[in-house]
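**Student:** So I've got this file, upload15.txt, and it contains compact mmCIF, N, CA and C atoms:
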```
# COMPACT_ATOMS: atom_id res chain seq x y z
N MET A 821 67.07 115.76 122.77
CA MET A 821 67.72 115.39 121.53
C MET A 821 68.81 116.40 121.20
N LEU A 822 68.53 117.68 121.36
CA LEU A 822 69.50 118.72 121.07
C LEU A 822 70.66 118.66 122.06
N ASN A 823 70.36 118.38 123.31
CA ASN A 823 71.41 118.26 124.33
C ASN A 823 72.35 117.10 124.01
N PHE A 824 71.79 116.02 123.51
CA PHE A 824 72.60 114.86 123.15
C PHE A 824 73.61 115.22 122.05
N ARG A 825 73.18 115.98 121.07
CA ARG A 825 74.07 116.38 119.98
C ARG A 825 75.18 117.28 120.50
N LEU A 826 74.85 118.19 121.39
CA LEU A 826 75.86 119.08 121.95
C LEU A 826 76.86 118.30 122.78
N ASP A 827 76.40 117.35 123.57
CA ASP A 827 77.31 116.54 124.38
C ASP A 827 78.20 115.69 123.48
N LEU A 828 77.63 115.15 122.44
CA LEU A 828 78.42 114.34 121.52
C LEU A 828 79.48 115.19 120.83
N GLY A 829 79.13 116.41 120.46
CA GLY A 829 80.09 117.31 119.84
C GLY A 829 81.23 117.64 120.78
N LYS A 830 80.93 117.87 122.05
CA LYS A 830 81.98 118.16 123.03
C LYS A 830 82.88 116.95 123.23
N THR A 831 82.28 115.77 123.25
CA THR A 831 83.05 114.55 123.43
C THR A 831 84.00 114.34 122.25
N LEU A 832 83.48 114.51 121.04
CA LEU A 832 84.33 114.33 119.85
C LEU A 832 85.44 115.38 119.81
N LYS A 833 85.11 116.60 120.22
CA LYS A 833 86.12 117.65 120.24
C LYS A 833 87.22 117.30 121.24
N GLY A 834 86.84 116.75 122.37
CA GLY A 834 87.82 116.33 123.37
C GLY A 834 88.70 115.20 122.86
N LEU A 835 88.11 114.26 122.12
CA LEU A 835 88.90 113.16 121.55
C LEU A 835 89.90 113.68 120.53
N VAL A 836 89.45 114.57 119.66
CA VAL A 836 90.33 115.11 118.64
C VAL A 836 91.47 115.88 119.28
N THR A 837 91.17 116.65 120.32
CA THR A 837 92.20 117.43 121.00
C THR A 837 93.23 116.50 121.63
N ARG A 838 92.77 115.42 122.24
CA ARG A 838 93.70 114.48 122.86
C ARG A 838 94.55 113.77 121.82
N VAL A 839 93.98 113.44 120.69
CA VAL A 839 94.74 112.75 119.64
C VAL A 839 95.79 113.68 119.05
N GLN A 840 95.44 114.94 118.83
CA GLN A 840 96.40 115.88 118.27
C GLN A 840 97.50 116.21 119.26
N ALA A 841 97.21 116.15 120.55
CA ALA A 841 98.20 116.49 121.56
C ALA A 841 99.23 115.38 121.75
N ALA A 842 98.96 114.19 121.27
CA ALA A 842 99.90 113.09 121.44
C ALA A 842 101.19 113.38 120.68
N LYS A 843 102.30 113.10 121.32
CA LYS A 843 103.61 113.38 120.71
C LYS A 843 104.11 112.14 119.98
N PRO A 844 104.76 112.30 118.83
CA PRO A 844 105.27 111.14 118.11
C PRO A 844 106.44 110.51 118.87
N VAL A 845 106.60 109.24 118.67
CA VAL A 845 107.69 108.50 119.31
C VAL A 845 108.97 108.77 118.55
N ALA A 846 110.06 109.00 119.25
CA ALA A 846 111.34 109.35 118.61
C ALA A 846 111.86 108.19 117.76
N ALA A 847 111.63 106.97 118.18
CA ALA A 847 112.13 105.82 117.43
C ALA A 847 111.45 105.73 116.06
N LEU A 848 110.17 106.08 116.01
CA LEU A 848 109.47 105.99 114.73
C LEU A 848 109.94 107.06 113.76
N SER A 849 110.27 108.25 114.24
CA SER A 849 110.71 109.31 113.34
C SER A 849 112.06 108.97 112.71
N SER A 850 112.96 108.35 113.46
CA SER A 850 114.25 107.98 112.87
C SER A 850 114.09 106.77 111.95
N PHE A 851 113.13 105.93 112.26
CA PHE A 851 112.90 104.75 111.42
C PHE A 851 112.35 105.14 110.06
N ALA A 852 111.57 106.21 109.99
CA ALA A 852 110.96 106.62 108.72
C ALA A 852 112.01 107.11 107.73
N ASN A 853 113.14 107.60 108.23
CA ASN A 853 114.17 108.12 107.34
C ASN A 853 115.07 107.03 106.79
N GLU A 854 115.03 105.86 107.36
CA GLU A 854 115.89 104.78 106.89
C GLU A 854 115.12 103.88 105.94
N SER A 855 115.81 103.43 104.91
CA SER A 855 115.20 102.57 103.91
C SER A 855 115.99 101.27 103.81
N PRO A 856 115.32 100.14 103.63
CA PRO A 856 116.06 98.89 103.49
C PRO A 856 116.76 98.77 102.14
N PHE A 857 116.46 99.68 101.22
CA PHE A 857 117.06 99.65 99.90
C PHE A 857 118.16 100.69 99.79
N ARG A 858 119.19 100.38 99.05
CA ARG A 858 120.26 101.36 98.87
C ARG A 858 119.79 102.45 97.91
N ARG A 859 120.36 103.62 98.06
CA ARG A 859 119.97 104.73 97.20
C ARG A 859 120.48 104.51 95.79
N GLN A 860 119.66 104.87 94.82
CA GLN A 860 120.05 104.71 93.43
C GLN A 860 120.77 105.98 92.99
N LYS A 861 122.00 105.81 92.57
CA LYS A 861 122.82 106.95 92.17
C LYS A 861 122.54 107.30 90.72
N GLU A 862 122.67 108.57 90.42
CA GLU A 862 122.53 109.04 89.04
C GLU A 862 123.84 108.76 88.33
N GLN A 863 123.91 107.63 87.66
CA GLN A 863 125.13 107.28 86.95
C GLN A 863 124.78 106.68 85.59
N SER A 864 125.74 106.71 84.72
CA SER A 864 125.54 106.19 83.37
C SER A 864 125.69 104.68 83.38
N ASP A 865 124.70 103.99 82.84
CA ASP A 865 124.73 102.53 82.77
C ASP A 865 125.03 102.14 81.33
N PRO A 866 126.21 101.57 81.05
CA PRO A 866 126.57 101.25 79.66
C PRO A 866 125.69 100.16 79.06
N VAL A 867 125.22 99.22 79.86
CA VAL A 867 124.37 98.15 79.31
C VAL A 867 123.03 98.73 78.88
N ARG A 868 122.47 99.59 79.70
CA ARG A 868 121.19 100.21 79.35
C ARG A 868 121.32 101.05 78.09
N LYS A 869 122.40 101.81 78.02
CA LYS A 869 122.62 102.64 76.84
C LYS A 869 122.77 101.78 75.59
N GLY A 870 123.48 100.66 75.71
CA GLY A 870 123.64 99.75 74.57
C GLY A 870 122.33 99.14 74.13
N ILE A 871 121.47 98.81 75.10
CA ILE A 871 120.17 98.24 74.75
C ILE A 871 119.33 99.26 73.98
N PHE A 872 119.34 100.51 74.41
CA PHE A 872 118.57 101.54 73.71
C PHE A 872 119.12 101.81 72.31
N ILE A 873 120.43 101.78 72.15
CA ILE A 873 121.02 101.97 70.82
C ILE A 873 120.63 100.81 69.91
N GLY A 874 120.71 99.59 70.43
CA GLY A 874 120.30 98.41 69.65
C GLY A 874 118.84 98.47 69.27
N LEU A 875 118.01 98.91 70.20
CA LEU A 875 116.58 99.04 69.92
C LEU A 875 116.32 100.07 68.84
N GLY A 876 117.07 101.17 68.87
CA GLY A 876 116.92 102.20 67.83
C GLY A 876 117.30 101.66 66.46
N ILE A 877 118.39 100.89 66.39
CA ILE A 877 118.81 100.30 65.11
C ILE A 877 117.77 99.33 64.59
N VAL A 878 117.23 98.50 65.48
CA VAL A 878 116.21 97.53 65.06
C VAL A 878 114.96 98.25 64.55
N LEU A 879 114.56 99.32 65.21
CA LEU A 879 113.39 100.08 64.75
C LEU A 879 113.63 100.73 63.39
N LEU A 880 114.84 101.26 63.18
CA LEU A 880 115.16 101.85 61.87
C LEU A 880 115.11 100.80 60.77
N VAL A 881 115.64 99.63 61.03
CA VAL A 881 115.60 98.55 60.02
C VAL A 881 114.16 98.13 59.76
N PHE A 882 113.37 98.02 60.83
CA PHE A 882 111.97 97.62 60.66
C PHE A 882 111.19 98.63 59.82
N PHE A 883 111.31 99.92 60.16
CA PHE A 883 110.59 100.93 59.39
C PHE A 883 111.12 101.02 57.95
N GLY A 884 112.40 100.82 57.76
CA GLY A 884 112.96 100.79 56.40
C GLY A 884 112.38 99.65 55.58
N SER A 885 112.24 98.48 56.21
CA SER A 885 111.66 97.35 55.48
C SER A 885 110.17 97.59 55.19
N MET A 886 109.46 98.25 56.10
CA MET A 886 108.05 98.56 55.84
C MET A 886 107.90 99.54 54.67
N ILE A 887 108.80 100.50 54.59
CA ILE A 887 108.77 101.44 53.47
C ILE A 887 109.09 100.71 52.17
N ALA A 888 110.03 99.77 52.20
CA ALA A 888 110.36 99.00 51.01
C ALA A 888 109.16 98.16 50.56
N VAL A 889 108.43 97.58 51.51
CA VAL A 889 107.26 96.78 51.14
C VAL A 889 106.18 97.67 50.53
N VAL A 890 106.00 98.87 51.07
CA VAL A 890 104.97 99.77 50.54
C VAL A 890 105.34 100.22 49.13
N LEU A 891 106.62 100.42 48.86
CA LEU A 891 107.04 100.89 47.53
C LEU A 891 107.06 99.78 46.48
N MET A 892 106.95 98.53 46.88
CA MET A 892 106.94 97.44 45.91
C MET A 892 105.64 97.47 45.11
N HIS A 893 105.72 97.06 43.86
CA HIS A 893 104.53 96.92 43.05
C HIS A 893 104.64 95.63 42.25
N ALA A 894 103.50 95.11 41.88
CA ALA A 894 103.49 93.83 41.15
C ALA A 894 104.03 94.01 39.75
N PRO A 895 104.72 92.99 39.23
CA PRO A 895 105.24 93.08 37.85
C PRO A 895 104.08 93.10 36.85
N PRO A 896 104.29 93.77 35.73
CA PRO A 896 103.21 93.80 34.72
C PRO A 896 102.95 92.42 34.14
N LEU A 897 101.71 92.13 33.79
CA LEU A 897 101.34 90.83 33.24
C LEU A 897 101.35 90.83 31.75
```
Take the structure in the file and give it back as structure tokens.
**Tutor:**
Amino acid sequence: MLNFRLDLGKTLKGLVTRVQAAKPVAALSSFANESPFRRQKEQSDPVRKGIFIGLGIVLLVFFGSMIAVVLMHAPPL
């Protein structure tokens, strides 16, 4: 039983050594650097900026109306 474990350990060690010794294929290394998508440049997008400005204005109006509703009180009877 002990001999079997030692033989199995040597076999696994041999497999690992053979796998690590394998050299990568040159075609795969150049393929990993290429992407099917174009690179996204760091540039200013005017449409995106306009959407965020519009969203900010809408939020200010919304919160202003909520404050107005909270400050309302019922007329005296």
**Student:** So the first atom is atom CA of A:Ile871 and the second is atom C of A:Val889; what is the distance between them in Å, to one decimal place?
**Tutor:**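 For atom CA of A:Ile871 relative to atom C of A:Val889, the distance reads 28.0 Å.
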**Student:** What gap, in Å, lies between atom N of A:Val878 and atom C of A:Pro866?
**Tutor:**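 According to the coordinates, atom N of A:Val878 and atom C of A:Pro866 are separated by 16.1 Å.
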**Student:** One number please: atom CA of A:Val890 to atom CA of A:Leu875, in Å, one decimal.
**Tutor:**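 Separation of atom CA of A:Val890 and atom CA of A:Leu875: 22.6 Å.
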